[in-house]
$ cat final.cif   # mmCIF, C-alpha atoms
data_input
loop_
_atom_site.group_PDB
_atom_site.id
_atom_site.type_symbol
_atom_site.label_atom_id
_atom_site.label_comp_id
_atom_site.auth_asym_id
_atom_site.auth_seq_id
_atom_site.Cartn_x
_atom_site.Cartn_y
_atom_site.Cartn_z
ATOM 1 C CA ASP A 1 84.907 132.959 124.384
ATOM 2 C CA ALA A 2 84.362 135.611 121.740
ATOM 3 C CA ASP A 3 87.937 136.811 122.294
ATOM 4 C CA GLY A 4 89.350 133.345 121.634
ATOM 5 C CA LEU A 5 90.957 130.712 123.825
ATOM 6 C CA ASP A 6 94.560 130.027 124.760
ATOM 7 C CA ALA A 7 94.978 126.484 123.389
ATOM 8 C CA ARG A 8 97.825 125.609 125.765
ATOM 9 C CA ALA A 9 95.880 126.812 128.794
ATOM 10 C CA VAL A 10 92.774 124.896 127.677
ATOM 11 C CA LYS A 11 94.885 121.762 127.298
ATOM 12 C CA ALA A 12 96.365 122.242 130.775
ATOM 13 C CA HIS A 13 92.866 122.799 132.209
ATOM 14 C CA LYS A 14 91.619 119.601 130.574
ATOM 15 C CA ARG A 15 94.638 117.670 131.857
ATOM 16 C CA GLU A 16 93.920 118.894 135.400
ATOM 17 C CA THR A 17 90.130 118.543 135.407
ATOM 18 C CA GLY A 18 89.399 115.956 132.710
ATOM 19 C CA THR A 19 87.138 118.392 130.835
ATOM 20 C CA VAL A 20 87.262 121.726 129.051
ATOM 21 C CA SER A 21 84.039 122.800 130.818
ATOM 22 C CA GLY A 22 84.508 125.689 133.172
ATOM 23 C CA TYR A 23 87.712 126.922 131.569
ATOM 24 C CA GLY A 24 88.543 130.598 132.200
ATOM 25 C CA ASP A 25 86.084 133.187 130.960
ATOM 26 C CA ALA A 26 84.339 130.848 128.553
ATOM 27 C CA SER A 27 80.844 131.409 129.848
ATOM 28 C CA GLU A 28 78.912 129.424 127.263
ATOM 29 C CA GLU A 29 79.022 125.779 126.261
ATOM 30 C CA LEU A 30 78.061 125.040 122.677
ATOM 31 C CA SER A 31 76.609 121.994 120.991
ATOM 32 C CA ASN A 32 78.652 120.479 118.157
ATOM 33 C CA ASP A 33 76.288 121.992 115.578
ATOM 34 C CA ASP A 34 76.566 125.428 117.199
ATOM 35 C CA LEU A 35 80.345 125.139 117.268
ATOM 36 C CA LEU A 36 80.515 124.141 113.587
ATOM 37 C CA THR A 37 78.326 127.081 112.533
ATOM 38 C CA LEU A 38 80.128 129.874 114.395
ATOM 39 C CA ASP A 39 81.133 132.895 112.312
ATOM 40 C CA VAL A 40 84.839 132.080 111.929
ATOM 41 C CA ASP A 41 87.499 132.568 109.290
ATOM 42 C CA LEU A 42 88.804 129.004 109.505
ATOM 43 C CA LEU A 43 87.034 125.788 110.529
ATOM 44 C CA VAL A 44 89.024 122.594 111.098
ATOM 45 C CA PRO A 45 86.725 119.594 111.626
ATOM 46 C CA ALA A 46 89.138 117.081 113.093
ATOM 47 C CA ALA A 47 87.256 114.336 114.872
ATOM 48 C CA LEU A 48 84.343 112.714 113.103
ATOM 49 C CA GLU A 49 83.534 111.380 109.680
ATOM 50 C CA ASN A 50 80.370 112.971 108.243
ATOM 51 C CA ALA A 51 80.313 115.636 110.984
ATOM 52 C CA ILE A 52 78.864 118.184 108.549
ATOM 53 C CA ASP A 53 75.936 117.103 106.391
ATOM 54 C CA GLY A 54 74.101 119.069 103.721
ATOM 55 C CA ASP A 55 71.663 120.692 106.141
ATOM 56 C CA LEU A 56 74.366 121.816 108.547
ATOM 57 C CA ALA A 57 76.555 123.004 105.642
ATOM 58 C CA ARG A 58 73.895 125.567 104.781
ATOM 59 C CA ASP A 59 74.510 127.170 108.195
ATOM 60 C CA VAL A 60 78.331 126.964 108.221
ATOM 61 C CA ARG A 61 79.745 130.499 108.234
ATOM 62 C CA ALA A 62 83.468 129.723 107.908
ATOM 63 C CA ASP A 63 85.319 131.160 104.926
ATOM 64 C CA VAL A 64 87.765 128.245 104.746
ATOM 65 C CA ILE A 65 87.484 124.637 105.915
ATOM 66 C CA VAL A 66 90.502 122.383 106.368
ATOM 67 C CA GLU A 67 89.505 118.734 106.746
ATOM 68 C CA ALA A 68 91.719 117.279 109.469
ATOM 69 C CA ALA A 69 89.516 114.205 109.930
ATOM 70 C CA ASN A 70 88.789 111.474 107.412
ATOM 71 C CA GLY A 71 85.732 112.594 105.448
ATOM 72 C CA PRO A 72 84.237 115.147 107.867
ATOM 73 C CA LEU A 73 81.947 116.456 105.113
ATOM 74 C CA THR A 74 79.257 114.389 103.456
ATOM 75 C CA PRO A 75 79.137 114.618 99.645
ATOM 76 C CA GLU A 76 75.986 116.746 99.953
ATOM 77 C CA ALA A 77 77.777 119.118 102.360
ATOM 78 C CA ASP A 78 80.667 119.363 99.941
ATOM 79 C CA ASP A 79 78.256 120.331 97.143
ATOM 80 C CA VAL A 80 76.533 122.958 99.318
ATOM 81 C CA LEU A 81 79.832 124.502 100.397
ATOM 82 C CA THR A 82 81.169 124.504 96.824
ATOM 83 C CA GLU A 83 78.009 126.330 95.688
ATOM 84 C CA ARG A 84 78.571 128.877 98.454
ATOM 85 C CA ASP A 85 82.229 129.382 97.443
ATOM 86 C CA VAL A 86 83.557 128.147 100.781
ATOM 87 C CA ARG A 87 87.104 126.940 100.202
ATOM 88 C CA VAL A 88 87.492 123.380 101.437
ATOM 89 C CA PHE A 89 90.966 121.870 101.620
ATOM 90 C CA PRO A 90 90.307 118.137 101.420
ATOM 91 C CA ASP A 91 91.437 115.535 103.899
ATOM 92 C CA ILE A 92 93.576 113.810 101.272
ATOM 93 C CA LEU A 93 95.956 116.772 101.624
ATOM 94 C CA ALA A 94 95.268 118.260 105.041
ATOM 95 C CA ASN A 95 95.224 114.930 106.861
ATOM 96 C CA ALA A 96 98.180 113.367 105.026
ATOM 97 C CA GLY A 97 101.029 114.176 107.420
ATOM 98 C CA GLY A 98 100.706 111.055 109.554
ATOM 99 C CA VAL A 99 100.526 108.708 106.590
ATOM 100 C CA THR A 100 103.479 110.438 104.953
ATOM 101 C CA VAL A 101 105.616 110.110 108.080
ATOM 102 C CA SER A 102 104.572 106.437 108.339
ATOM 103 C CA TYR A 103 105.942 106.002 104.819
ATOM 104 C CA PHE A 104 109.181 107.665 105.929
ATOM 105 C CA GLU A 105 109.383 105.167 108.796
ATOM 106 C CA TRP A 106 108.932 102.299 106.315
ATOM 107 C CA VAL A 107 111.703 103.748 104.112
ATOM 108 C CA GLN A 108 114.031 104.012 107.103
ATOM 109 C CA ASN A 109 113.264 100.440 108.168
ATOM 110 C CA ARG A 110 113.937 99.147 104.655
ATOM 111 C CA GLN A 111 117.270 100.981 104.586
ATOM 112 C CA ARG A 112 118.111 100.076 108.200
ATOM 113 C CA PHE A 113 118.741 103.732 108.820
ATOM 114 C CA THR A 114 117.329 106.305 111.237
ATOM 115 C CA TRP A 115 116.566 109.869 110.251
ATOM 116 C CA THR A 116 116.740 112.757 112.692
ATOM 117 C CA GLU A 117 113.508 114.462 113.675
ATOM 118 C CA GLU A 118 114.797 117.516 111.803
ATOM 119 C CA ARG A 119 115.147 115.493 108.590
ATOM 120 C CA VAL A 120 111.690 113.937 108.989
ATOM 121 C CA ASN A 121 110.179 117.404 109.417
ATOM 122 C CA ARG A 122 112.150 118.782 106.461
ATOM 123 C CA GLU A 123 111.061 115.899 104.201
ATOM 124 C CA LEU A 124 107.444 116.198 105.380
ATOM 125 C CA GLU A 125 107.403 119.932 104.731
ATOM 126 C CA GLN A 126 108.739 119.371 101.222
ATOM 127 C CA VAL A 127 106.148 116.685 100.406
ATOM 128 C CA ILE A 128 103.196 118.632 101.840
ATOM 129 C CA THR A 129 104.277 121.943 100.298
ATOM 130 C CA THR A 130 104.689 120.330 96.872
ATOM 131 C CA ALA A 131 101.294 118.637 97.213
ATOM 132 C CA PHE A 132 99.680 121.948 98.196
ATOM 133 C CA ASP A 133 101.352 123.731 95.276
ATOM 134 C CA ASP A 134 100.170 120.997 92.863
ATOM 135 C CA LEU A 135 96.633 121.248 94.257
ATOM 136 C CA THR A 136 96.410 125.036 94.005
ATOM 137 C CA SER A 137 98.018 125.008 90.557
ATOM 138 C CA ALA A 138 95.440 122.525 89.244
ATOM 139 C CA TYR A 139 92.627 124.503 90.899
ATOM 140 C CA GLU A 140 93.713 127.769 89.304
ATOM 141 C CA SER A 141 94.898 126.569 85.893
ATOM 142 C CA HIS A 142 91.807 124.460 85.164
ATOM 143 C CA ASP A 143 89.299 126.886 86.734
ATOM 144 C CA LEU A 144 87.891 124.088 88.894
ATOM 145 C CA PRO A 145 84.909 124.436 91.230
ATOM 146 C CA SER A 146 86.680 123.104 94.330
ATOM 147 C CA PHE A 147 89.988 122.015 95.777
ATOM 148 C CA ARG A 148 88.563 118.493 96.115
ATOM 149 C CA THR A 149 88.053 118.392 92.337
ATOM 150 C CA ALA A 150 91.600 119.702 91.961
ATOM 151 C CA ALA A 151 92.843 116.811 94.132
ATOM 152 C CA TYR A 152 91.136 114.362 91.748
ATOM 153 C CA VAL A 153 92.725 116.113 88.757
ATOM 154 C CA VAL A 154 96.193 115.890 90.331
ATOM 155 C CA ALA A 155 95.644 112.197 91.149
ATOM 156 C CA LEU A 156 94.506 111.392 87.614
ATOM 157 C CA GLN A 157 97.444 113.295 86.138
ATOM 158 C CA ARG A 158 99.815 111.224 88.274
ATOM 159 C CA VAL A 159 98.177 107.954 87.228
ATOM 160 C CA LEU A 160 98.380 108.999 83.564
ATOM 161 C CA ARG A 161 102.050 109.988 83.918
ATOM 162 C CA ALA A 162 102.880 106.672 85.627
ATOM 163 C CA SER A 163 101.045 104.758 82.929
ATOM 164 C CA GLU A 164 102.889 106.610 80.178
ATOM 165 C CA GLN A 165 106.266 106.087 81.848
ATOM 166 C CA SER A 166 105.710 102.367 82.430
ATOM 167 C CA GLY A 167 105.182 101.667 78.740
ATOM 168 C CA THR A 168 102.872 99.141 77.158
ATOM 169 C CA TRP A 169 102.734 95.545 78.251
ATOM 170 C CA PRO A 170 102.620 92.957 76.758
#
$ encode --input "final.cif" --output "C-alpha coordinates"
Amino acid sequence: DADGLDARAVKAHKRETGTVSGYGDASEELSNDDLLTLDVDLLVPAALENAIDGDLARDVRADVIVEAANGPLTPEADDVLTERDVRVFPDILANAGGVTVSYFEWVQNRQRFTWTEERVNRELEQVITTAFDDLTSAYESHDLPSFRTAAYVVALQRVLRASEQSGTWP
(Lines of atoms letter the chains of each structure in order from A and count residues from 1; the text may use other names and numbers.)
(Lines give C-alpha, C1' and ligand atoms only; values in the text may rest on other atoms or scores of the structure.)
Protein backbone atom coordinates (compact mmCIF):
# COMPACT_ATOMS: atom_id res chain seq x y z
CA ASP A 1 0.00 0.00 0.00
CA ALA A 2 1.58 3.25 -1.12
CA ASP A 3 0.18 4.94 2.00
CA GLY A 4 1.83 2.40 4.29
CA LEU A 5 0.52 -0.43 6.44
CA ASP A 6 -0.57 -0.57 10.06
CA ALA A 7 1.90 -3.14 11.44
CA ARG A 8 -0.36 -4.17 14.33
CA ALA A 9 -3.34 -4.67 12.03
CA VAL A 10 -1.22 -6.68 9.57
CA LYS A 11 -0.03 -8.87 12.44
CA ALA A 12 -3.62 -9.41 13.61
CA HIS A 13 -4.68 -10.25 10.04
CA LYS A 14 -1.87 -12.79 9.73
CA ARG A 15 -2.77 -14.32 13.10
CA GLU A 16 -6.39 -14.71 11.96
CA THR A 17 -5.78 -15.90 8.39
CA GLY A 18 -2.27 -17.37 8.46
CA THR A 19 -1.10 -15.00 5.71
CA VAL A 20 -0.65 -11.30 5.03
CA SER A 21 -2.25 -11.74 1.58
CA GLY A 22 -5.51 -9.92 1.19
CA TYR A 23 -4.88 -7.48 4.02
CA GLY A 24 -6.87 -4.23 3.84
CA ASP A 25 -6.32 -2.00 0.84
CA ALA A 26 -3.04 -3.59 -0.15
CA SER A 27 -3.98 -4.37 -3.71
CA GLU A 28 -0.63 -5.63 -4.97
CA GLU A 29 1.57 -8.50 -3.88
CA LEU A 30 5.28 -8.03 -4.48
CA SER A 31 8.11 -10.47 -5.03
CA ASN A 32 11.00 -10.30 -2.56
CA ASP A 33 13.16 -8.51 -5.14
CA ASP A 34 10.41 -5.97 -5.83
CA LEU A 35 9.95 -5.39 -2.11
CA LEU A 36 13.69 -4.86 -1.55
CA THR A 37 13.91 -2.33 -4.39
CA LEU A 38 10.97 -0.11 -3.45
CA ASP A 39 11.69 3.62 -3.19
CA VAL A 40 11.85 3.88 0.61
CA ASP A 41 13.78 5.91 3.15
CA LEU A 42 14.67 2.93 5.33
CA LEU A 43 15.09 -0.75 4.42
CA VAL A 44 15.44 -3.38 7.15
CA PRO A 45 16.31 -6.79 5.70
CA ALA A 46 15.53 -9.05 8.63
CA ALA A 47 15.10 -12.61 7.46
CA LEU A 48 17.69 -14.07 5.14
CA GLU A 49 21.44 -14.17 4.83
CA ASN A 50 22.62 -12.92 1.41
CA ALA A 51 19.14 -11.57 0.56
CA ILE A 52 20.69 -8.70 -1.41
CA ASP A 53 23.45 -9.53 -3.87
CA GLY A 54 25.46 -7.18 -6.06
CA ASP A 55 22.97 -7.19 -8.92
CA LEU A 56 19.99 -6.46 -6.69
CA ALA A 57 21.97 -3.80 -4.79
CA ARG A 58 22.21 -1.79 -7.99
CA ASP A 59 18.40 -1.49 -7.94
CA VAL A 60 17.95 -0.81 -4.20
CA ARG A 61 16.50 2.68 -3.75
CA ALA A 62 16.59 2.96 0.05
CA ASP A 63 18.60 5.79 1.57
CA VAL A 64 19.48 3.80 4.70
CA ILE A 65 19.71 0.06 5.32
CA VAL A 66 19.70 -1.45 8.81
CA GLU A 67 20.77 -5.10 8.78
CA ALA A 68 18.48 -6.92 11.20
CA ALA A 69 19.43 -10.36 9.85
CA ASN A 70 22.82 -12.03 9.96
CA GLY A 71 24.64 -10.99 6.79
CA PRO A 72 21.69 -9.94 4.59
CA LEU A 73 24.08 -8.26 2.14
CA THR A 74 26.70 -10.10 0.14
CA PRO A 75 30.16 -8.49 0.11
CA GLU A 76 29.53 -7.42 -3.50
CA ALA A 77 26.23 -5.78 -2.48
CA ASP A 78 28.00 -3.99 0.34
CA ASP A 79 30.57 -2.62 -2.14
CA VAL A 80 27.85 -1.47 -4.57
CA LEU A 81 25.87 0.26 -1.82
CA THR A 82 29.00 1.91 -0.41
CA GLU A 83 29.82 3.26 -3.89
CA ARG A 84 26.28 4.63 -4.11
CA ASP A 85 26.56 6.30 -0.68
CA VAL A 86 23.74 4.24 0.81
CA ARG A 87 24.24 4.18 4.56
CA VAL A 88 24.31 0.61 5.82
CA PHE A 89 24.22 -0.02 9.56
CA PRO A 90 25.81 -3.45 9.90
CA ASP A 91 24.29 -6.46 11.58
CA ILE A 92 27.06 -6.53 14.19
CA LEU A 93 25.37 -3.46 15.70
CA ALA A 94 21.77 -3.57 14.53
CA ASN A 95 21.27 -7.25 15.29
CA ALA A 96 23.14 -7.29 18.61
CA GLY A 97 20.26 -6.81 21.06
CA GLY A 98 19.43 -10.49 21.49
CA VAL A 99 23.03 -11.53 22.03
CA THR A 100 23.55 -8.68 24.49
CA VAL A 101 20.49 -9.66 26.52
CA SER A 102 21.69 -13.30 26.46
CA TYR A 103 24.92 -12.05 28.03
CA PHE A 104 22.88 -10.24 30.68
CA GLU A 105 21.09 -13.51 31.42
CA TRP A 106 24.46 -15.26 31.82
CA VAL A 107 25.63 -12.50 34.20
CA GLN A 108 22.46 -12.85 36.26
CA ASN A 109 22.84 -16.64 36.42
CA ARG A 110 26.46 -16.32 37.53
CA GLN A 111 25.44 -13.89 40.27
CA ARG A 112 22.31 -15.87 41.19
CA PHE A 113 20.35 -12.67 40.82
CA THR A 114 17.39 -11.59 38.70
CA TRP A 115 17.14 -8.20 37.07
CA THR A 116 13.83 -6.48 36.40
CA GLU A 117 12.74 -6.06 32.80
CA GLU A 118 13.22 -2.32 33.32
CA ARG A 119 16.87 -2.85 34.30
CA VAL A 120 17.50 -5.18 31.35
CA ASN A 121 16.07 -2.57 28.98
CA ARG A 122 18.07 0.22 30.63
CA GLU A 123 21.32 -1.76 30.41
CA LEU A 124 20.60 -2.76 26.80
CA GLU A 125 19.88 0.82 25.81
CA GLN A 126 23.15 1.94 27.37
CA VAL A 127 25.20 -0.75 25.60
CA ILE A 128 23.57 -0.22 22.19
CA THR A 129 23.68 3.58 22.43
CA THR A 130 27.37 3.51 23.37
CA ALA A 131 28.10 1.09 20.53
CA PHE A 132 26.22 3.33 18.07
CA ASP A 133 28.08 6.41 19.32
CA ASP A 134 31.43 4.59 18.98
CA LEU A 135 30.52 3.48 15.46
CA THR A 136 29.44 6.93 14.26
CA SER A 137 32.43 8.57 15.95
CA ALA A 138 34.86 6.24 14.15
CA TYR A 139 33.00 6.75 10.86
CA GLU A 140 33.17 10.53 11.12
CA SER A 141 36.60 11.01 12.70
CA HIS A 142 38.43 8.68 10.29
CA ASP A 143 36.44 9.70 7.18
CA LEU A 144 35.62 6.05 6.48
CA PRO A 145 33.72 4.81 3.42
CA SER A 146 31.09 2.85 5.37
CA PHE A 147 29.70 2.08 8.79
CA ARG A 148 30.83 -1.53 8.32
CA THR A 149 34.43 -0.32 7.99
CA ALA A 150 33.85 1.81 11.09
CA ALA A 151 32.70 -1.32 12.96
CA TYR A 152 36.00 -3.02 12.04
CA VAL A 153 37.94 0.05 13.22
CA VAL A 154 36.11 0.04 16.57
CA ALA A 155 36.73 -3.70 16.97
CA LEU A 156 40.44 -3.36 16.21
CA GLN A 157 40.75 -0.42 18.60
CA ARG A 158 39.19 -2.55 21.35
CA VAL A 159 41.53 -5.46 20.66
CA LEU A 160 44.53 -3.10 20.72
CA ARG A 161 43.37 -1.51 23.99
CA ALA A 162 42.86 -4.94 25.59
CA SER A 163 46.27 -6.06 24.42
CA GLU A 164 47.92 -2.95 25.81
CA GLN A 165 46.12 -3.27 29.15
CA SER A 166 46.97 -6.96 29.56
CA GLY A 167 50.71 -6.32 29.37
CA THR A 168 53.37 -8.52 27.85
CA TRP A 169 53.65 -12.19 28.62
CA PRO A 170 55.96 -13.98 29.24
$ closest_residue --input "final.cif" --among "A:Asp1, A:Ala12, A:Asp91, A:Ile128" --to "Leu30 in chain A" --atoms "only C-alpha atoms"
A:Asp1
$ residues_around --input "final.cif" --residues "Gly54 in chain A" --least-positions-apart "6" --cutoff "10 Å" --atoms "all atoms listed in the file" --output "short mmCIF file (atom, residue, chain, number, x, y, z; two decimals) with C-alpha atoms, in the frame of the given file"
data_model
loop_
_atom_site.label_atom_id
_atom_site.label_comp_id
_atom_site.auth_asym_id
_atom_site.auth_seq_id
_atom_site.Cartn_x
_atom_site.Cartn_y
_atom_site.Cartn_z
CA LEU A 73 81.95 116.46 105.11
CA THR A 74 79.26 114.39 103.46
CA PRO A 75 79.14 114.62 99.64
CA GLU A 76 75.99 116.75 99.95
CA ALA A 77 77.78 119.12 102.36
CA ASP A 78 80.67 119.36 99.94
CA ASP A 79 78.26 120.33 97.14
CA VAL A 80 76.53 122.96 99.32
CA LEU A 81 79.83 124.50 100.40
#
$ atom_distance --input "final.cif" --atom1 "CA of Thr129 in chain A" --atom2 "CA of Gly97 in chain A"
11.0 Å
$ resolve_selection --input "final.cif" --expression "the PyMOL selection byres ((chain A and resi 148) around 10)" --output "PyMOL selection string"
chain A and resi 78+82+87-93+135+139+144-147+149-154
$ atom_distance --input "final.cif" --atom1 "CA of Asp134 in chain A" --atom2 "CA of Ala94 in chain A"
13.4 Å
$ closest_residue --input "final.cif" --among "A:Glu117, A:Asp63, A:Glu125, A:Asp53" --to "Val40 in chain A" --atoms "all atoms listed in the file"
A:Asp63
$ atom_distance --input "final.cif" --atom1 "CA of Glu140 in chain A" --atom2 "CA of Ser166 in chain A"
28.9 Å
$ residues_around --input "final.cif" --residues "range 19-21 of chain A" --least-positions-apart "6" --cutoff "12 Å" --atoms "all atoms listed in the file" --output "NGL selection string"
:A and (5-13 or 27-30)
$ write_last_selection --input "final.cif" --atoms "C-alpha atoms" --output "mmCIF file, in the frame of the given file"
data_model
loop_
_atom_site.group_PDB
_atom_site.id
_atom_site.type_symbol
_atom_site.label_atom_id
_atom_site.label_comp_id
_atom_site.auth_asym_id
_atom_site.auth_seq_id
_atom_site.Cartn_x
_atom_site.Cartn_y
_atom_site.Cartn_z
ATOM 1 C CA LEU A 5 90.957 130.712 123.825
ATOM 2 C CA ASP A 6 94.560 130.027 124.760
ATOM 3 C CA ALA A 7 94.978 126.484 123.389
ATOM 4 C CA ARG A 8 97.825 125.609 125.765
ATOM 5 C CA ALA A 9 95.880 126.812 128.794
ATOM 6 C CA VAL A 10 92.774 124.896 127.677
ATOM 7 C CA LYS A 11 94.885 121.762 127.298
ATOM 8 C CA ALA A 12 96.365 122.242 130.775
ATOM 9 C CA HIS A 13 92.866 122.799 132.209
ATOM 10 C CA SER A 27 80.844 131.409 129.848
ATOM 11 C CA GLU A 28 78.912 129.424 127.263
ATOM 12 C CA GLU A 29 79.022 125.779 126.261
ATOM 13 C CA LEU A 30 78.061 125.040 122.677
#
$ resolve_selection --input "final.cif" --expression "the PyMOL selection byres ((chain A and resi 71) around 10)" --output "PDB file with C-alpha atoms, in the frame of the given file"
ATOM      1  CA  PRO A  45      86.725 119.594 111.626  1.00  0.00           C
ATOM      2  CA  ALA A  46      89.138 117.081 113.093  1.00  0.00           C
ATOM      3  CA  ALA A  47      87.256 114.336 114.872  1.00  0.00           C
ATOM      4  CA  LEU A  48      84.343 112.714 113.103  1.00  0.00           C
ATOM      5  CA  GLU A  49      83.534 111.380 109.680  1.00  0.00           C
ATOM      6  CA  ASN A  50      80.370 112.971 108.243  1.00  0.00           C
ATOM      7  CA  ALA A  51      80.313 115.636 110.984  1.00  0.00           C
ATOM      8  CA  ILE A  52      78.864 118.184 108.549  1.00  0.00           C
ATOM      9  CA  GLU A  67      89.505 118.734 106.746  1.00  0.00           C
ATOM     10  CA  ALA A  68      91.719 117.279 109.469  1.00  0.00           C
ATOM     11  CA  ALA A  69      89.516 114.205 109.930  1.00  0.00           C
ATOM     12  CA  ASN A  70      88.789 111.474 107.412  1.00  0.00           C
ATOM     13  CA  PRO A  72      84.237 115.147 107.867  1.00  0.00           C
ATOM     14  CA  LEU A  73      81.947 116.456 105.113  1.00  0.00           C
ATOM     15  CA  THR A  74      79.257 114.389 103.456  1.00  0.00           C
ATOM     16  CA  PRO A  75      79.137 114.618  99.645  1.00  0.00           C
ATOM     17  CA  PRO A  90      90.307 118.137 101.420  1.00  0.00           C
ATOM     18  CA  ASP A  91      91.437 115.535 103.899  1.00  0.00           C
ATOM     19  CA  ILE A  92      93.576 113.810 101.272  1.00  0.00           C
ATOM     20  CA  ASN A  95      95.224 114.930 106.861  1.00  0.00           C
TER      21      ASN A  95
END
$ resolve_selection --input "final.cif" --expression "the PyMOL selection byres ((chain A and resi 33) around 12)" --output "ChimeraX atom specification"
/A:29-32,34-38,45,51-53,55-61
$ build_atoms --input "final.cif" --residues "range 151-167 of chain A" --atoms "N, CA, C and O atoms" --output "PDB file, in the coordinates of the input"
ATOM      1  N   ALA A 151      92.118 117.982  93.623  1.00  0.00           N
ATOM      2  CA  ALA A 151      92.843 116.811  94.132  1.00  0.00           C
ATOM      3  C   ALA A 151      92.629 115.612  93.201  1.00  0.00           C
ATOM      4  O   ALA A 151      93.564 114.851  92.945  1.00  0.00           O
ATOM      5  N   TYR A 152      91.403 115.453  92.696  1.00  0.00           N
ATOM      6  CA  TYR A 152      91.136 114.362  91.748  1.00  0.00           C
ATOM      7  C   TYR A 152      91.923 114.570  90.450  1.00  0.00           C
ATOM      8  O   TYR A 152      92.463 113.624  89.883  1.00  0.00           O
ATOM      9  N   VAL A 153      91.982 115.812  89.979  1.00  0.00           N
ATOM     10  CA  VAL A 153      92.725 116.113  88.757  1.00  0.00           C
ATOM     11  C   VAL A 153      94.200 115.769  88.942  1.00  0.00           C
ATOM     12  O   VAL A 153      94.814 115.123  88.088  1.00  0.00           O
ATOM     13  N   VAL A 154      94.782 116.188  90.056  1.00  0.00           N
ATOM     14  CA  VAL A 154      96.193 115.890  90.331  1.00  0.00           C
ATOM     15  C   VAL A 154      96.404 114.379  90.379  1.00  0.00           C
ATOM     16  O   VAL A 154      97.362 113.850  89.797  1.00  0.00           O
ATOM     17  N   ALA A 155      95.516 113.661  91.043  1.00  0.00           N
ATOM     18  CA  ALA A 155      95.644 112.197  91.149  1.00  0.00           C
ATOM     19  C   ALA A 155      95.575 111.543  89.772  1.00  0.00           C
ATOM     20  O   ALA A 155      96.391 110.666  89.445  1.00  0.00           O
ATOM     21  N   LEU A 156      94.631 111.972  88.957  1.00  0.00           N
ATOM     22  CA  LEU A 156      94.506 111.392  87.614  1.00  0.00           C
ATOM     23  C   LEU A 156      95.707 111.729  86.739  1.00  0.00           C
ATOM     24  O   LEU A 156      96.167 110.885  85.955  1.00  0.00           O
ATOM     25  N   GLN A 157      96.236 112.936  86.884  1.00  0.00           N
ATOM     26  CA  GLN A 157      97.444 113.295  86.138  1.00  0.00           C
ATOM     27  C   GLN A 157      98.616 112.394  86.526  1.00  0.00           C
ATOM     28  O   GLN A 157      99.393 111.968  85.678  1.00  0.00           O
ATOM     29  N   ARG A 158      98.726 112.085  87.804  1.00  0.00           N
ATOM     30  CA  ARG A 158      99.815 111.224  88.274  1.00  0.00           C
ATOM     31  C   ARG A 158      99.649 109.796  87.768  1.00  0.00           C
ATOM     32  O   ARG A 158     100.633 109.156  87.385  1.00  0.00           O
ATOM     33  N   VAL A 159      98.428 109.303  87.752  1.00  0.00           N
ATOM     34  CA  VAL A 159      98.177 107.954  87.228  1.00  0.00           C
ATOM     35  C   VAL A 159      98.508 107.915  85.737  1.00  0.00           C
ATOM     36  O   VAL A 159      99.163 106.978  85.258  1.00  0.00           O
ATOM     37  N   LEU A 160      98.085 108.928  84.997  1.00  0.00           N
ATOM     38  CA  LEU A 160      98.380 108.999  83.564  1.00  0.00           C
ATOM     39  C   LEU A 160      99.887 109.040  83.330  1.00  0.00           C
ATOM     40  O   LEU A 160     100.410 108.298  82.477  1.00  0.00           O
ATOM     41  N   ARG A 161     100.597 109.878  84.085  1.00  0.00           N
ATOM     42  CA  ARG A 161     102.050 109.988  83.918  1.00  0.00           C
ATOM     43  C   ARG A 161     102.733 108.649  84.241  1.00  0.00           C
ATOM     44  O   ARG A 161     103.611 108.191  83.499  1.00  0.00           O
ATOM     45  N   ALA A 162     102.303 107.988  85.281  1.00  0.00           N
ATOM     46  CA  ALA A 162     102.880 106.672  85.627  1.00  0.00           C
ATOM     47  C   ALA A 162     102.598 105.647  84.541  1.00  0.00           C
ATOM     48  O   ALA A 162     103.472 104.851  84.183  1.00  0.00           O
ATOM     49  N   SER A 163     101.406 105.686  83.992  1.00  0.00           N
ATOM     50  CA  SER A 163     101.045 104.758  82.929  1.00  0.00           C
ATOM     51  C   SER A 163     101.893 105.012  81.682  1.00  0.00           C
ATOM     52  O   SER A 163     102.394 104.070  81.060  1.00  0.00           O
ATOM     53  N   GLU A 164     102.072 106.267  81.340  1.00  0.00           N
ATOM     54  CA  GLU A 164     102.889 106.610  80.178  1.00  0.00           C
ATOM     55  C   GLU A 164     104.356 106.210  80.387  1.00  0.00           C
ATOM     56  O   GLU A 164     105.015 105.721  79.459  1.00  0.00           O
ATOM     57  N   GLN A 165     104.871 106.399  81.574  1.00  0.00           N
ATOM     58  CA  GLN A 165     106.266 106.087  81.848  1.00  0.00           C
ATOM     59  C   GLN A 165     106.529 104.582  81.935  1.00  0.00           C
ATOM     60  O   GLN A 165     107.634 104.126  81.678  1.00  0.00           O
ATOM     61  N   SER A 166     105.507 103.819  82.269  1.00  0.00           N
ATOM     62  CA  SER A 166     105.710 102.367  82.430  1.00  0.00           C
ATOM     63  C   SER A 166     105.703 101.648  81.085  1.00  0.00           C
ATOM     64  O   SER A 166     106.125 100.506  81.007  1.00  0.00           O
ATOM     65  N   GLY A 167     105.209 102.300  80.050  1.00  0.00           N
ATOM     66  CA  GLY A 167     105.182 101.667  78.740  1.00  0.00           C
ATOM     67  C   GLY A 167     104.009 100.717  78.584  1.00  0.00           C
ATOM     68  O   GLY A 167     103.154 100.610  79.459  1.00  0.00           O
TER      69      GLY A 167
END
